[in-house]
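Structure data follow from coords27.txt (compact mmCIF, C-alpha atoms):
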# COMPACT_ATOMS: atom_id res chain seq x y z
CA MET A 13 -114.39 -145.30 31.58
CA ILE A 14 -112.81 -148.57 30.50
CA ASN A 15 -111.09 -146.80 27.62
CA THR A 16 -109.53 -144.25 29.97
CA LEU A 17 -108.37 -146.95 32.36
CA SER A 18 -106.82 -149.03 29.58
CA SER A 19 -105.13 -145.93 28.15
CA ILE A 20 -103.62 -145.15 31.56
CA LEU A 21 -102.35 -148.74 31.89
CA ILE A 22 -100.85 -148.70 28.37
CA LEU A 23 -99.18 -145.34 28.96
CA ALA A 24 -97.73 -146.61 32.24
CA GLY A 25 -96.42 -149.64 30.36
CA VAL A 26 -94.84 -147.42 27.72
CA PHE A 27 -93.19 -145.39 30.51
CA PHE A 28 -91.54 -148.55 31.87
CA TYR A 29 -90.37 -149.52 28.39
CA LEU A 30 -88.89 -146.06 27.97
CA ALA A 31 -87.17 -146.25 31.36
CA GLY A 32 -85.82 -149.71 30.51
CA SER A 33 -84.48 -148.55 27.16
CA ILE A 34 -82.80 -145.50 28.69
CA GLY A 35 -81.32 -147.76 31.36
CA LEU A 36 -80.02 -150.14 28.70
CA LEU A 37 -78.29 -147.27 26.94
CA ARG A 38 -77.07 -145.25 29.94
CA LEU A 39 -76.22 -147.61 32.81
CA PRO A 40 -72.49 -148.35 33.26
CA ASP A 41 -72.12 -152.15 33.34
CA LEU A 42 -73.75 -155.33 32.09
CA TYR A 43 -75.44 -156.35 35.34
CA SER A 44 -77.19 -153.04 35.94
CA ARG A 45 -78.20 -152.86 32.26
CA LEU A 46 -79.70 -156.34 32.52
CA HIS A 47 -81.48 -155.31 35.71
CA ALA A 48 -82.99 -152.24 34.01
CA LEU A 49 -84.01 -154.20 30.94
CA THR A 50 -85.64 -157.26 32.48
CA LYS A 51 -87.37 -155.67 35.45
CA ALA A 52 -88.69 -152.72 33.48
CA ASP A 53 -89.69 -154.82 30.48
CA ASN A 54 -91.52 -157.38 32.58
CA LEU A 55 -93.52 -154.72 34.38
CA GLY A 56 -93.90 -152.64 31.21
CA LEU A 57 -95.22 -155.60 29.22
CA GLY A 58 -97.48 -156.57 32.14
CA LEU A 59 -99.07 -153.11 32.24
CA LEU A 60 -99.31 -152.98 28.45
CA ILE A 61 -101.02 -156.37 28.37
CA ALA A 62 -103.36 -155.39 31.21
CA GLY A 63 -104.34 -152.30 29.21
CA VAL A 64 -104.87 -154.21 25.96
CA ALA A 65 -106.78 -156.99 27.76
CA LEU A 66 -109.09 -154.44 29.34
CA HIS A 67 -109.61 -152.85 25.93
CA SER A 68 -110.44 -156.17 24.23
CA GLN A 69 -113.21 -157.10 26.72
CA ASP A 70 -112.98 -160.70 25.52
CA LEU A 71 -112.25 -163.41 28.07
CA LEU A 72 -110.46 -165.73 25.62
CA MET A 73 -108.30 -162.87 24.35
CA MET A 74 -107.45 -161.89 27.95
CA LEU A 75 -106.38 -165.46 28.67
CA LYS A 76 -104.15 -165.54 25.57
CA LEU A 77 -102.58 -162.20 26.53
CA LEU A 78 -101.98 -163.44 30.07
CA LEU A 79 -100.27 -166.57 28.71
CA THR A 80 -98.07 -164.39 26.49
CA TRP A 81 -97.02 -162.34 29.50
CA LEU A 82 -96.22 -165.43 31.58
CA ALA A 83 -94.14 -166.93 28.75
CA VAL A 84 -92.21 -163.69 28.29
CA LEU A 85 -91.66 -163.41 32.07
CA ALA A 86 -90.11 -166.88 32.23
CA ALA A 87 -88.07 -166.48 29.05
CA SER A 88 -86.75 -163.05 29.99
CA ALA A 89 -85.82 -164.09 33.54
CA THR A 90 -84.02 -167.17 32.21
CA SER A 91 -82.12 -165.35 29.50
CA ALA A 92 -81.09 -162.60 31.94
CA HIS A 93 -79.80 -165.31 34.28
CA LEU A 94 -77.90 -167.03 31.44
CA ILE A 95 -76.29 -163.79 30.24
CA ALA A 96 -75.30 -162.72 33.75
CA ARG A 97 -73.86 -166.15 34.59
CA GLN A 98 -71.87 -166.25 31.38
CA ALA A 99 -70.52 -162.76 32.04
CA ARG A 100 -69.49 -163.69 35.60
CA ARG A 101 -67.79 -166.85 34.35
CA GLN A 102 -65.78 -164.87 31.82
CA VAL A 103 -64.68 -162.46 34.54
CA THR A 104 -63.58 -165.23 36.93
CA GLU A 105 -61.73 -167.07 34.15
CA SER A 106 -59.66 -164.08 33.00
CA MET B 25 -107.28 -144.91 15.62
CA ASN B 26 -107.02 -141.77 13.52
CA PRO B 27 -105.15 -141.82 10.20
CA VAL B 28 -102.43 -139.39 11.29
CA SER B 29 -101.16 -141.52 14.17
CA LEU B 30 -101.28 -144.60 11.94
CA LEU B 31 -99.22 -142.71 9.36
CA VAL B 32 -96.67 -141.82 12.05
CA PHE B 33 -96.57 -145.47 13.16
CA ASP B 34 -96.07 -146.68 9.58
CA GLY B 35 -93.33 -144.11 9.07
CA LEU B 36 -91.53 -145.24 12.23
CA LEU B 37 -91.92 -148.87 11.10
CA LEU B 38 -90.41 -148.11 7.68
CA VAL B 39 -87.53 -146.13 9.16
CA SER B 40 -86.71 -148.90 11.66
CA ILE B 41 -86.87 -151.60 8.95
CA ALA B 42 -84.51 -149.69 6.67
CA GLY B 43 -82.28 -148.63 9.59
CA LEU B 44 -82.00 -152.16 11.03
CA ALA B 45 -81.29 -153.61 7.57
CA TRP B 46 -78.54 -151.04 7.03
CA ALA B 47 -77.06 -151.54 10.50
CA SER B 48 -77.08 -155.31 10.03
CA LEU B 49 -75.22 -155.02 6.72
CA ALA B 50 -72.82 -152.29 7.81
CA THR B 51 -71.35 -153.97 10.89
CA THR B 52 -68.27 -156.17 10.49
CA ASP B 53 -68.95 -158.23 13.63
CA ALA B 54 -70.85 -161.34 12.49
CA ARG B 55 -72.65 -161.83 15.82
CA ARG B 56 -73.81 -158.23 16.05
CA SER B 57 -74.96 -158.44 12.43
CA VAL B 58 -77.05 -161.56 13.15
CA ILE B 59 -78.66 -160.03 16.24
CA LEU B 60 -79.57 -156.93 14.23
CA PHE B 61 -80.94 -159.21 11.51
CA MET B 62 -83.21 -160.91 14.08
CA ALA B 63 -84.49 -157.52 15.25
CA PHE B 64 -85.05 -156.64 11.58
CA GLY B 65 -87.12 -159.84 11.14
CA LEU B 66 -89.29 -159.02 14.16
CA VAL B 67 -90.01 -155.47 12.97
CA LEU B 68 -90.71 -156.86 9.49
CA ALA B 69 -93.23 -159.26 11.08
CA VAL B 70 -94.98 -156.25 12.65
CA ALA B 71 -95.06 -154.65 9.19
CA TRP B 72 -96.71 -157.76 7.74
CA GLY B 73 -99.25 -157.61 10.56
CA ARG B 74 -99.88 -153.97 9.69
CA LEU B 75 -100.48 -155.04 6.04
CA LEU B 76 -103.22 -157.37 7.40
CA ALA B 77 -101.20 -160.46 6.44
CA PRO B 78 -101.03 -162.34 9.77
CA ASP B 79 -100.05 -165.62 8.05
CA VAL B 80 -96.93 -164.05 6.60
CA ALA B 81 -96.26 -162.20 9.88
CA LEU B 82 -96.32 -165.51 11.80
CA ALA B 83 -94.01 -167.18 9.27
CA GLU B 84 -91.64 -164.21 9.26
CA ALA B 85 -91.43 -164.06 13.06
CA ALA B 86 -91.00 -167.84 13.48
CA ILE B 87 -88.78 -168.68 10.51
CA GLY B 88 -87.32 -165.37 9.32
CA ALA B 89 -86.41 -163.94 12.71
CA GLY B 90 -86.38 -166.90 15.11
CA LEU B 91 -85.05 -169.98 13.36
CA SER B 92 -82.88 -168.22 10.75
CA GLY B 93 -81.46 -166.15 13.60
CA ALA B 94 -80.58 -169.26 15.60
CA LEU B 95 -79.07 -170.83 12.48
CA LEU B 96 -76.98 -167.77 11.65
CA LEU B 97 -75.88 -167.35 15.28
CA ALA B 98 -74.68 -170.96 15.33
CA ALA B 99 -72.81 -170.34 12.07
CA ALA B 100 -71.29 -167.09 13.37
CA HIS B 101 -70.22 -168.91 16.54
CA ARG B 102 -68.07 -171.26 14.45
CA GLN B 103 -66.35 -168.37 12.64
CA PRO B 104 -63.38 -166.75 14.36
CA ARG B 105 -64.18 -163.28 15.71
CA PRO B 106 -62.64 -160.52 13.57
CA LEU B 107 -59.74 -158.50 14.92
CA PRO B 108 -60.67 -155.10 16.30
CA PRO B 109 -59.84 -152.42 13.70
CA ALA B 110 -57.13 -150.81 15.87
CA SER B 111 -54.91 -153.90 15.75
CA THR B 112 -54.84 -154.24 11.95
CA ASN B 113 -51.75 -152.10 11.49
CA ALA B 114 -50.14 -154.40 8.96
CA PRO B 115 -49.39 -152.78 5.57
CA ARG B 116 -52.52 -153.09 3.52
CA ASN B 117 -52.50 -154.84 0.21
CA HIS B 118 -53.77 -152.11 -2.09
CA GLY B 119 -54.47 -154.50 -4.96
CA ALA B 120 -56.80 -156.60 -2.79
CA ALA B 121 -58.51 -153.46 -1.45
CA GLY B 122 -59.11 -152.30 -5.03
CA VAL B 123 -60.70 -155.61 -5.96
CA GLY B 124 -62.87 -155.32 -2.84
CA VAL B 125 -64.14 -151.88 -3.85
CA VAL B 126 -64.89 -153.03 -7.41
CA LEU B 127 -66.71 -156.08 -6.07
CA ARG B 128 -68.73 -153.99 -3.65
CA TRP B 129 -69.82 -151.60 -6.40
CA ALA B 130 -70.65 -154.49 -8.72
CA VAL B 131 -72.87 -156.08 -6.05
CA THR B 132 -74.50 -152.70 -5.32
CA LEU B 133 -75.26 -152.14 -9.00
CA LEU B 134 -76.66 -155.67 -9.38
CA CYS B 135 -78.89 -155.21 -6.33
CA ALA B 136 -80.08 -151.83 -7.62
CA ALA B 137 -80.87 -153.35 -11.02
CA LEU B 138 -82.79 -156.19 -9.35
CA ALA B 139 -84.74 -153.72 -7.19
CA GLY B 140 -85.54 -151.70 -10.34
CA ILE B 141 -86.84 -154.76 -12.16
CA LEU B 142 -88.95 -155.78 -9.16
CA ALA B 143 -90.42 -152.26 -8.87
CA TRP B 144 -91.18 -152.26 -12.61
CA ALA B 145 -92.83 -155.70 -12.37
CA LEU B 146 -94.92 -154.55 -9.40
CA LEU B 147 -96.11 -151.40 -11.20
CA HIS B 148 -96.81 -153.46 -14.30
CA ALA B 149 -98.84 -155.97 -12.28
CA PHE B 150 -100.94 -153.15 -10.84
CA ASP B 151 -101.47 -151.68 -14.30
CA SER B 152 -102.26 -154.77 -16.33
CA ALA B 153 -105.01 -156.41 -14.27
CA PRO B 154 -107.56 -155.03 -11.87
CA HIS B 155 -106.05 -156.40 -8.68
CA ASP B 156 -109.32 -157.31 -7.03
CA MET B 157 -110.00 -160.10 -9.53
CA LEU B 158 -107.91 -162.69 -7.71
CA PRO B 159 -109.47 -162.16 -4.26
CA GLN B 160 -112.91 -162.34 -5.88
CA ALA B 161 -112.08 -165.62 -7.60
CA ILE B 162 -110.78 -167.02 -4.30
CA SER B 163 -113.80 -166.02 -2.23
CA ALA B 164 -116.14 -167.33 -4.95
CA ASN B 165 -114.53 -170.78 -4.74
CA LEU B 166 -113.72 -170.88 -1.02
CA ALA B 167 -116.77 -172.99 -0.22
CA THR B 168 -115.46 -175.91 -2.31
CA SER B 169 -111.88 -175.71 -1.03
CA GLY B 170 -112.45 -177.65 2.20
CA VAL B 171 -111.11 -174.87 4.44
CA SER B 172 -112.33 -171.38 5.33
CA ASN B 173 -108.94 -169.64 5.63
CA PRO B 174 -108.30 -168.20 2.14
CA VAL B 175 -104.50 -168.41 2.59
CA THR B 176 -104.63 -172.14 3.33
CA ALA B 177 -107.12 -172.60 0.47
CA VAL B 178 -104.65 -171.01 -1.94
CA LEU B 179 -101.56 -172.79 -0.57
CA LEU B 180 -102.99 -176.30 -0.26
CA ASN B 181 -105.77 -176.37 -2.84
CA PHE B 182 -105.85 -173.69 -5.56
CA ARG B 183 -102.09 -173.69 -6.08
CA ALA B 184 -101.24 -176.94 -4.32
CA TYR B 185 -98.82 -177.75 -7.15
CA ASP B 186 -96.59 -174.82 -6.09
CA THR B 187 -96.57 -175.97 -2.47
CA LEU B 188 -95.69 -179.50 -3.58
CA LEU B 189 -92.68 -178.11 -5.44
CA GLU B 190 -91.74 -175.99 -2.41
CA LEU B 191 -91.62 -179.17 -0.34
CA ALA B 192 -89.47 -180.73 -3.07
CA VAL B 193 -87.04 -177.80 -2.75
CA LEU B 194 -86.92 -178.33 1.05
CA LEU B 195 -86.26 -182.04 0.55
CA THR B 196 -83.41 -181.29 -1.86
CA ALA B 197 -81.95 -178.81 0.64
CA VAL B 198 -82.08 -181.30 3.51
CA LEU B 199 -80.38 -183.94 1.36
CA GLY B 200 -77.60 -181.42 0.82
CA ILE B 201 -77.36 -180.82 4.58
CA LEU B 202 -77.11 -184.57 5.26
CA ALA B 203 -74.28 -184.77 2.71
CA LEU B 204 -72.25 -182.29 4.80
CA GLY B 205 -71.22 -185.11 7.13
CA PRO B 206 -71.80 -185.55 10.85
CA ALA B 207 -73.34 -182.66 12.79
CA THR B 208 -71.25 -180.52 15.10
CA PRO B 209 -71.12 -181.77 18.69
CA GLY B 210 -73.92 -180.52 20.94
CA TYR B 211 -73.71 -178.01 23.74
CA GLN B 212 -72.95 -178.53 27.41
CA PRO B 213 -75.87 -179.58 29.62
CA ALA B 214 -77.82 -176.55 30.83
CA GLY B 215 -77.95 -175.40 34.42
CA PRO B 216 -81.08 -175.85 36.57
CA VAL B 217 -82.71 -172.54 35.58
CA PHE B 218 -82.60 -173.10 31.81
CA ASP B 219 -83.50 -176.75 32.33
CA GLY B 220 -86.52 -175.70 34.37
CA LEU B 221 -87.62 -173.41 31.53
CA ILE B 222 -87.41 -176.04 28.80
CA ARG B 223 -89.25 -178.59 30.93
CA TRP B 224 -92.47 -176.70 30.33
CA LEU B 225 -91.52 -174.63 27.28
CA VAL B 226 -90.97 -177.63 25.00
CA PRO B 227 -94.38 -179.23 25.70
CA VAL B 228 -96.01 -175.80 25.21
CA LEU B 229 -94.21 -175.41 21.86
CA ILE B 230 -95.39 -178.84 20.71
CA LEU B 231 -98.94 -178.00 21.78
CA THR B 232 -98.72 -174.67 19.94
CA ALA B 233 -97.54 -176.47 16.81
CA GLY B 234 -100.59 -178.75 16.94
CA TYR B 235 -102.84 -175.75 17.51
CA LEU B 236 -101.36 -173.81 14.57
CA LEU B 237 -101.74 -176.85 12.31
CA TRP B 238 -105.39 -177.33 13.26
CA VAL B 239 -106.35 -173.66 13.28
CA GLY B 240 -104.81 -173.17 9.80
CA ALA B 241 -108.07 -174.44 8.28
CA HIS B 242 -110.03 -171.39 9.37
CA ALA B 243 -107.59 -168.80 10.78
CA PRO B 244 -103.94 -167.75 10.31
CA GLY B 245 -101.64 -170.73 10.79
CA GLY B 246 -100.70 -173.87 8.90
CA ALA B 247 -97.97 -176.39 8.22
CA PHE B 248 -95.09 -173.93 7.82
CA GLN B 249 -95.75 -172.04 11.07
CA ALA B 250 -96.46 -175.28 12.95
CA GLY B 251 -93.29 -176.89 11.57
CA ALA B 252 -91.29 -173.86 12.70
CA MET B 253 -92.71 -174.26 16.25
CA LEU B 254 -91.73 -177.95 16.36
CA ALA B 255 -88.26 -177.13 15.06
CA ALA B 256 -87.96 -174.38 17.69
CA ALA B 257 -88.67 -176.99 20.39
CA GLY B 258 -85.79 -179.05 18.98
CA VAL B 259 -83.49 -176.03 18.85
CA VAL B 260 -84.24 -175.20 22.50
CA LEU B 261 -83.54 -178.81 23.51
CA ARG B 262 -80.23 -178.75 21.64
CA LEU B 263 -79.22 -175.42 23.16
CA ALA B 264 -79.92 -176.94 26.58
CA GLY B 265 -77.43 -179.68 25.80
CA ARG B 266 -79.92 -182.55 25.58
CA SER B 267 -78.66 -185.47 23.53
CA ARG B 268 -82.17 -186.35 22.33
CA ILE B 269 -83.77 -183.42 20.54
CA GLY B 270 -86.79 -185.15 19.07
CA LEU B 271 -85.26 -186.24 15.78
CA PRO B 272 -85.83 -189.93 15.05
CA ASP B 273 -82.96 -192.21 14.03
CA GLY B 274 -81.95 -193.77 10.75
CA ILE B 275 -84.70 -194.88 8.41
CA VAL B 276 -87.50 -193.23 10.43
CA LEU B 277 -85.75 -189.87 10.06
CA ARG B 278 -85.60 -190.35 6.31
CA ILE B 279 -89.29 -191.23 6.17
CA VAL B 280 -90.17 -188.12 8.20
CA MET B 281 -87.98 -185.97 5.93
CA ALA B 282 -89.73 -187.23 2.80
CA ALA B 283 -93.23 -187.48 4.34
CA GLY B 284 -94.47 -184.03 3.28
CA MET B 285 -93.57 -184.50 -0.36
CA GLY B 286 -94.47 -188.21 -0.30
CA VAL B 287 -97.97 -187.85 1.15
CA PHE B 288 -98.65 -184.90 -1.15
CA LEU B 289 -97.64 -186.93 -4.23
CA LEU B 290 -99.53 -189.98 -3.01
CA VAL B 291 -102.73 -187.96 -2.60
CA GLY B 292 -102.25 -186.39 -6.04
CA LEU B 293 -101.62 -189.72 -7.76
CA SER B 294 -104.51 -191.49 -5.99
CA LEU B 295 -106.83 -188.74 -7.20
CA LEU B 296 -105.51 -189.31 -10.75
CA LEU B 297 -106.35 -193.02 -10.40
CA LEU B 298 -109.85 -192.09 -9.25
CA GLY B 299 -110.28 -190.10 -12.46
CA ARG B 300 -109.90 -186.63 -10.95
CA PRO B 301 -107.26 -184.09 -12.00
CA PHE B 302 -103.88 -184.23 -10.22
CA LEU B 303 -104.42 -182.70 -6.75
CA GLY B 304 -108.02 -181.85 -7.67
CA TYR B 305 -109.62 -182.81 -4.36
CA PRO B 306 -113.31 -183.80 -4.31
CA PRO B 307 -114.96 -180.99 -2.28
CA ASP B 308 -116.35 -183.41 0.35
CA TRP B 309 -112.88 -184.78 1.09
CA ALA B 310 -110.86 -181.63 0.62
CA GLY B 311 -110.74 -180.64 4.30
CA SER B 312 -109.47 -184.03 5.50
CA LEU B 313 -106.99 -184.37 2.63
CA ILE B 314 -105.57 -180.92 3.33
CA LEU B 315 -105.19 -181.75 7.03
CA LEU B 316 -103.45 -185.03 6.13
CA ILE B 317 -101.02 -183.30 3.75
CA GLU B 318 -100.38 -180.47 6.21
CA THR B 319 -99.64 -182.88 9.06
CA ALA B 320 -97.03 -184.69 6.97
CA ALA B 321 -95.65 -181.39 5.67
CA MET B 322 -95.35 -180.03 9.23
CA LEU B 323 -93.21 -183.01 10.28
CA SER B 324 -91.00 -182.71 7.19
CA ILE B 325 -90.59 -178.96 7.60
CA ALA B 326 -89.72 -179.36 11.29
CA ALA B 327 -87.13 -182.08 10.52
CA THR B 328 -85.64 -179.97 7.70
CA LEU B 329 -85.30 -176.83 9.83
CA LEU B 330 -83.85 -178.76 12.76
CA LEU B 331 -81.34 -180.55 10.52
CA ALA B 332 -80.35 -177.16 9.09
CA PHE B 333 -79.68 -176.00 12.65
CA LEU B 334 -77.59 -179.12 13.33
CA GLY B 335 -75.70 -178.46 10.10
CA GLY B 336 -75.18 -182.10 9.23
CA ARG B 337 -76.19 -185.70 9.79
CA PRO B 338 -77.29 -186.27 13.42
CA GLU B 339 -75.40 -188.89 15.39
CA SER B 340 -77.40 -192.10 15.38
CA THR B 341 -77.56 -194.08 18.62
CA GLY B 342 -75.15 -196.59 17.09
CA ASP B 343 -72.58 -193.83 16.48
CA LYS B 344 -73.07 -192.56 20.02
CA ALA B 345 -72.47 -195.96 21.55
CA ALA B 346 -69.32 -196.30 19.44
CA ALA B 347 -68.12 -192.84 20.48
CA LYS B 348 -68.78 -193.69 24.15
CA ARG B 349 -66.80 -196.90 23.87
CA GLN B 350 -63.98 -194.95 22.23
CA ARG B 351 -63.98 -192.37 25.04
CA GLU B 352 -63.93 -195.10 27.68
CA ALA B 353 -61.07 -196.83 25.88
CA ILE B 354 -59.05 -193.59 25.94
CA SER B 355 -59.67 -192.74 29.60

Turn the structure described in the file into structure tokens.
Amino acid sequence: MINTLSSILILAGVFFYLAGSIGLLRLPDLYSRLHALTKADNLGLGLLIAGVALHSQDLLMMLKLLLTWLAVLAASATSAHLIARQARRQVTES
Amino acid sequence: MNPVSLLVFDGLLLVSIAGLAWASLATTDARRSVILFMAFGLVLAVAWGRLLAPDVALAEAAIGAGLSGALLLAAAHRQPRPLPPASTNAPRNHGAAGVGVVLRWAVTLLCAALAGILAWALLHAFDSAPHDMLPQAISANLATSGVSNPVTAVLLNFRAYDTLLELAVLLTAVLGILALGPATPGYQPAGPVFDGLIRWLVPVLILTAGYLLWVGAHAPGGAFQAGAMLAAAGVVLRLAGRSRIGLPDGIVLRIVMAAGMGVFLLVGLSLLLLGRPFLGYPPDWAGSLILLIETAAMLSIAATLLLAFLGGRPESTGDKAAAKRQREAIS
């Protein structure tokens, strides 16, 4: 039961990673590519981590995985912001 | 997991390692090359994890991909960007192109020869000795080493002499970096979002460094990984445009730089005076001595890596005050 549930969560996470990667390759401009990458990766990693945490059945491990997800969330949101701001600055300067 | 899916995973891993390495070498844009190199380091870290070598995986991810990447990016930033290929219509110097081709082939042949020698040495090593002798010797003596993580036992006890010399190499390298002159000026102060990130990220990095140092005694971790975490905190602070990035000034900086090597030597020589072999720790004390050496080594490693990122001697507060006075005098 738990195995099935964690497999479903991991597969859902992989789907979001796939969607994010396709978006990164196919979307027309930087802002929409960033949007695809960060949103999909955050959710994809969240689902992946939820699946792995469920699989581990170890409270300490779950806590570590949760911390990893939170750190990645903050870092990815910040770097997306920095890249987008830099891109907008370059556009307004030229 | 069944063997077939693991085989597929390993195959994908190998293909991406080789592909990323090739892509990183083949591109002419320095920045693109560095970013591909960082991706290569991360995939390589996964490969080390797959080989059940988490200590190496941690070091590869932190130093090989993270800090080396930051260092190379900073270096690439100082280089002028190359012209796009379409604009190089000038008549090409055929002599120079010929030399380039010869040089490229010479380097390729040298690399191939080196790879051949390494492969031969590896095969020879597998042939000549049953390769489970070393792990057996380590596990037989682990109880007297003072730690329960075999990697730390090897690095800091069984072959402590090697690690001492590694720290000597790092010290020599950092002396070279200091001789390069003053560091490049820092970056502009970060905006509120990045500043908000580093406000909690830097303390977490320092905490993680302490954790890795402590946990190295019985699980993957140790001075090198912990030092890389501390240095990463400094790199983040510098990228955010902070003027203070955690490096001490003047004489204290020099003491921190030499601490790893110094404490290591001091421990070794004191043991000699007590009538034990050089770096032959008494089993009762081994754990504490290893922690002491690793703490000093962590600080030295962090200072070395951070100075490498700065690429020169950091401005001391005296210099800064002088520069400020100069600026005020001009304006």

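Note that the spacing between atom CA of Gly270 of chain B and atom CA of Glu190 of chain B amounts to 23.9 Å.
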
### Query
Hey, which of B:Leu30, B:His242, B:Leu195, B:Leu142 ends up closest to Ala167 of chain B? Count all atoms listed in the file.
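Result for the nearest residue to Ala167 of chain B: B:His242.
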
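For chain B, the residues no farther than 9 Å from chain A when using all atoms listed in the file are Gly215, Val217, Phe218, Leu221 and Leu225 of chain B.
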
### Message
From the options A:Val26, A:Leu42, A:Ser18, A:Lys51, which residue's atoms come nearest to Arg100 of chain A, counting all atoms listed in the file?
### Response
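Checking each candidate against Arg100 of chain A, we get A:Leu42 as the closest.
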
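Near (-82.5, -160.6, 17.0), the residues inside the 12 Å limit, counting only C-alpha atoms, come to Leu44, Ala45, Ser48, Arg55, Arg56, Ser57, Val58, Ile59, Leu60, Phe61, Met62, Ala63, Phe64, Gly65, Leu66, Val67, Leu68, Ala85, Ala86, Gly88, Ala89, Gly90, Leu91, Ser92, Gly93, Ala94, Leu95, Leu96 and Leu97 of chain B.
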
### Query
Pick from B:Thr176, B:Ala257, B:Pro209, B:Ala250: nearest to Arg223 of chain B, with all atoms listed in the file counted?
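Of B:Thr176, B:Ala257, B:Pro209, B:Ala250, the one nearest Arg223 of chain B is B:Ala257, counting all atoms listed in the file.
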
### Task
Could you please determine the separation between atom CA of Ala137 of chain B and atom CA of Ile41 of chain B in Å, to one decimal place?
20.9 Å

### Query
Which residues, written as a count of residues only, have at least one atom at most 10 Å from Leu30 of chain A, with all atoms listed in the file counted and residues fewer than 3 positions away on the same chain left out?
12

### Residue among B:Gly292, B:Trp224, B:Thr51, B:Gly336 lying closest to Leu82 of chain A, counting only C-alpha atoms
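Among the listed residues, the smallest separation from Leu82 of chain A belongs to B:Trp224.
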
### Task
May I ask for the distance between atom CA of Gly32 of chain A and atom CA of Val84 of chain A, given in Å to one decimal place?
15.5 Å

Can you pull out the residues contacting Val239 of chain B? Cut-off 12 Å, using all atoms listed in the file, and skip same-chain residues under 4 positions away; I want them as a tab-separated table (two decimals) with C-alpha atoms, in the coordinates of the input.
chain	number	residue	atom	x	y	z
B	79	ASP	CA	-100.05	-165.62	8.05
B	171	VAL	CA	-111.11	-174.87	4.44
B	172	SER	CA	-112.33	-171.38	5.33
B	173	ASN	CA	-108.94	-169.64	5.63
B	176	THR	CA	-104.63	-172.14	3.33
B	232	THR	CA	-98.72	-174.67	19.94
B	233	ALA	CA	-97.54	-176.47	16.81
B	234	GLY	CA	-100.59	-178.75	16.94
B	235	TYR	CA	-102.84	-175.75	17.51
B	243	ALA	CA	-107.59	-168.80	10.78
B	244	PRO	CA	-103.94	-167.75	10.31
B	245	GLY	CA	-101.64	-170.73	10.79
B	246	GLY	CA	-100.70	-173.87	8.90
B	247	ALA	CA	-97.97	-176.39	8.22
B	249	GLN	CA	-95.75	-172.04	11.07
B	250	ALA	CA	-96.46	-175.28	12.95
B	315	LEU	CA	-105.19	-181.75	7.03
B	318	GLU	CA	-100.38	-180.47	6.21

Edge lengths and centre in Å to one decimal, as JSON, of the axis-aligned box that encloses all listed atoms of segment 58-77 of chain A with 6 Å added on every side?
{"center_x": -105.3, "center_y": -159.0, "center_z": 28.2, "size_x": 27.7, "size_y": 25.4, "size_z": 20.0}

### Message
Ranking A:Ala99, A:Glu105, A:Ser88, A:Asp70 by minimum distance to Asn54 of chain A and counting all atoms listed in the file, which one comes first?
### Response
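Among A:Ala99, A:Glu105, A:Ser88, A:Asp70, it is A:Ser88 that comes nearest to Asn54 of chain A.
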
### Task
Counting all atoms listed in the file, write as number ranges by chain all protein and nucleic acid residues lying at most 12 Å from (-112.6, -177.7, 5.6) in the file's frame.
B: 166-174, 176-177, 180-181, 238-243, 305-316

### Phe333 of chain B surroundings by all atoms listed in the file, 12 Å radius, close-in-sequence under 3 positions cut, as a ChimeraX atom specification
/B:87,90-99,198,201-202,207-210,252,255-263,269,326-330,336-338

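If you measure from each of A:Pro40, A:Phe28, A:Leu71, A:Leu46 to Gly58 of chain A using only C-alpha atoms, the closest one turns out to be A:Phe28.
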
Your completed segment 22-27 of chain A with N, CA, C and O atoms, as a PDB file, in the frame of the given file:
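Result file is out.pdb:
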ATOM      1  N   ILE A  22    -101.765-148.595  29.520  1.00  0.00           N
ATOM      2  CA  ILE A  22    -100.850-148.700  28.370  1.00  0.00           C
ATOM      3  C   ILE A  22     -99.771-147.629  28.467  1.00  0.00           C
ATOM      4  O   ILE A  22     -98.581-147.901  28.245  1.00  0.00           O
ATOM      5  N   LEU A  23    -100.166-146.412  28.840  1.00  0.00           N
ATOM      6  CA  LEU A  23     -99.180-145.340  28.960  1.00  0.00           C
ATOM      7  C   LEU A  23     -98.162-145.664  30.051  1.00  0.00           C
ATOM      8  O   LEU A  23     -96.956-145.431  29.881  1.00  0.00           O
ATOM      9  N   ALA A  24     -98.655-146.223  31.173  1.00  0.00           N
ATOM     10  CA  ALA A  24     -97.730-146.610  32.240  1.00  0.00           C
ATOM     11  C   ALA A  24     -96.763-147.672  31.735  1.00  0.00           C
ATOM     12  O   ALA A  24     -95.557-147.630  32.029  1.00  0.00           O
ATOM     13  N   GLY A  25     -97.283-148.617  30.935  1.00  0.00           N
ATOM     14  CA  GLY A  25     -96.420-149.640  30.360  1.00  0.00           C
ATOM     15  C   GLY A  25     -95.361-149.036  29.461  1.00  0.00           C
ATOM     16  O   GLY A  25     -94.178-149.384  29.525  1.00  0.00           O
ATOM     17  N   VAL A  26     -95.784-148.083  28.631  1.00  0.00           N
ATOM     18  CA  VAL A  26     -94.840-147.420  27.720  1.00  0.00           C
ATOM     19  C   VAL A  26     -93.762-146.688  28.524  1.00  0.00           C
ATOM     20  O   VAL A  26     -92.577-146.712  28.158  1.00  0.00           O
ATOM     21  N   PHE A  27     -94.175-146.085  29.665  1.00  0.00           N
ATOM     22  CA  PHE A  27     -93.190-145.390  30.510  1.00  0.00           C
ATOM     23  C   PHE A  27     -92.109-146.369  30.977  1.00  0.00           C
ATOM     24  O   PHE A  27     -90.916-146.054  30.946  1.00  0.00           O
TER      25      PHE A  27
END
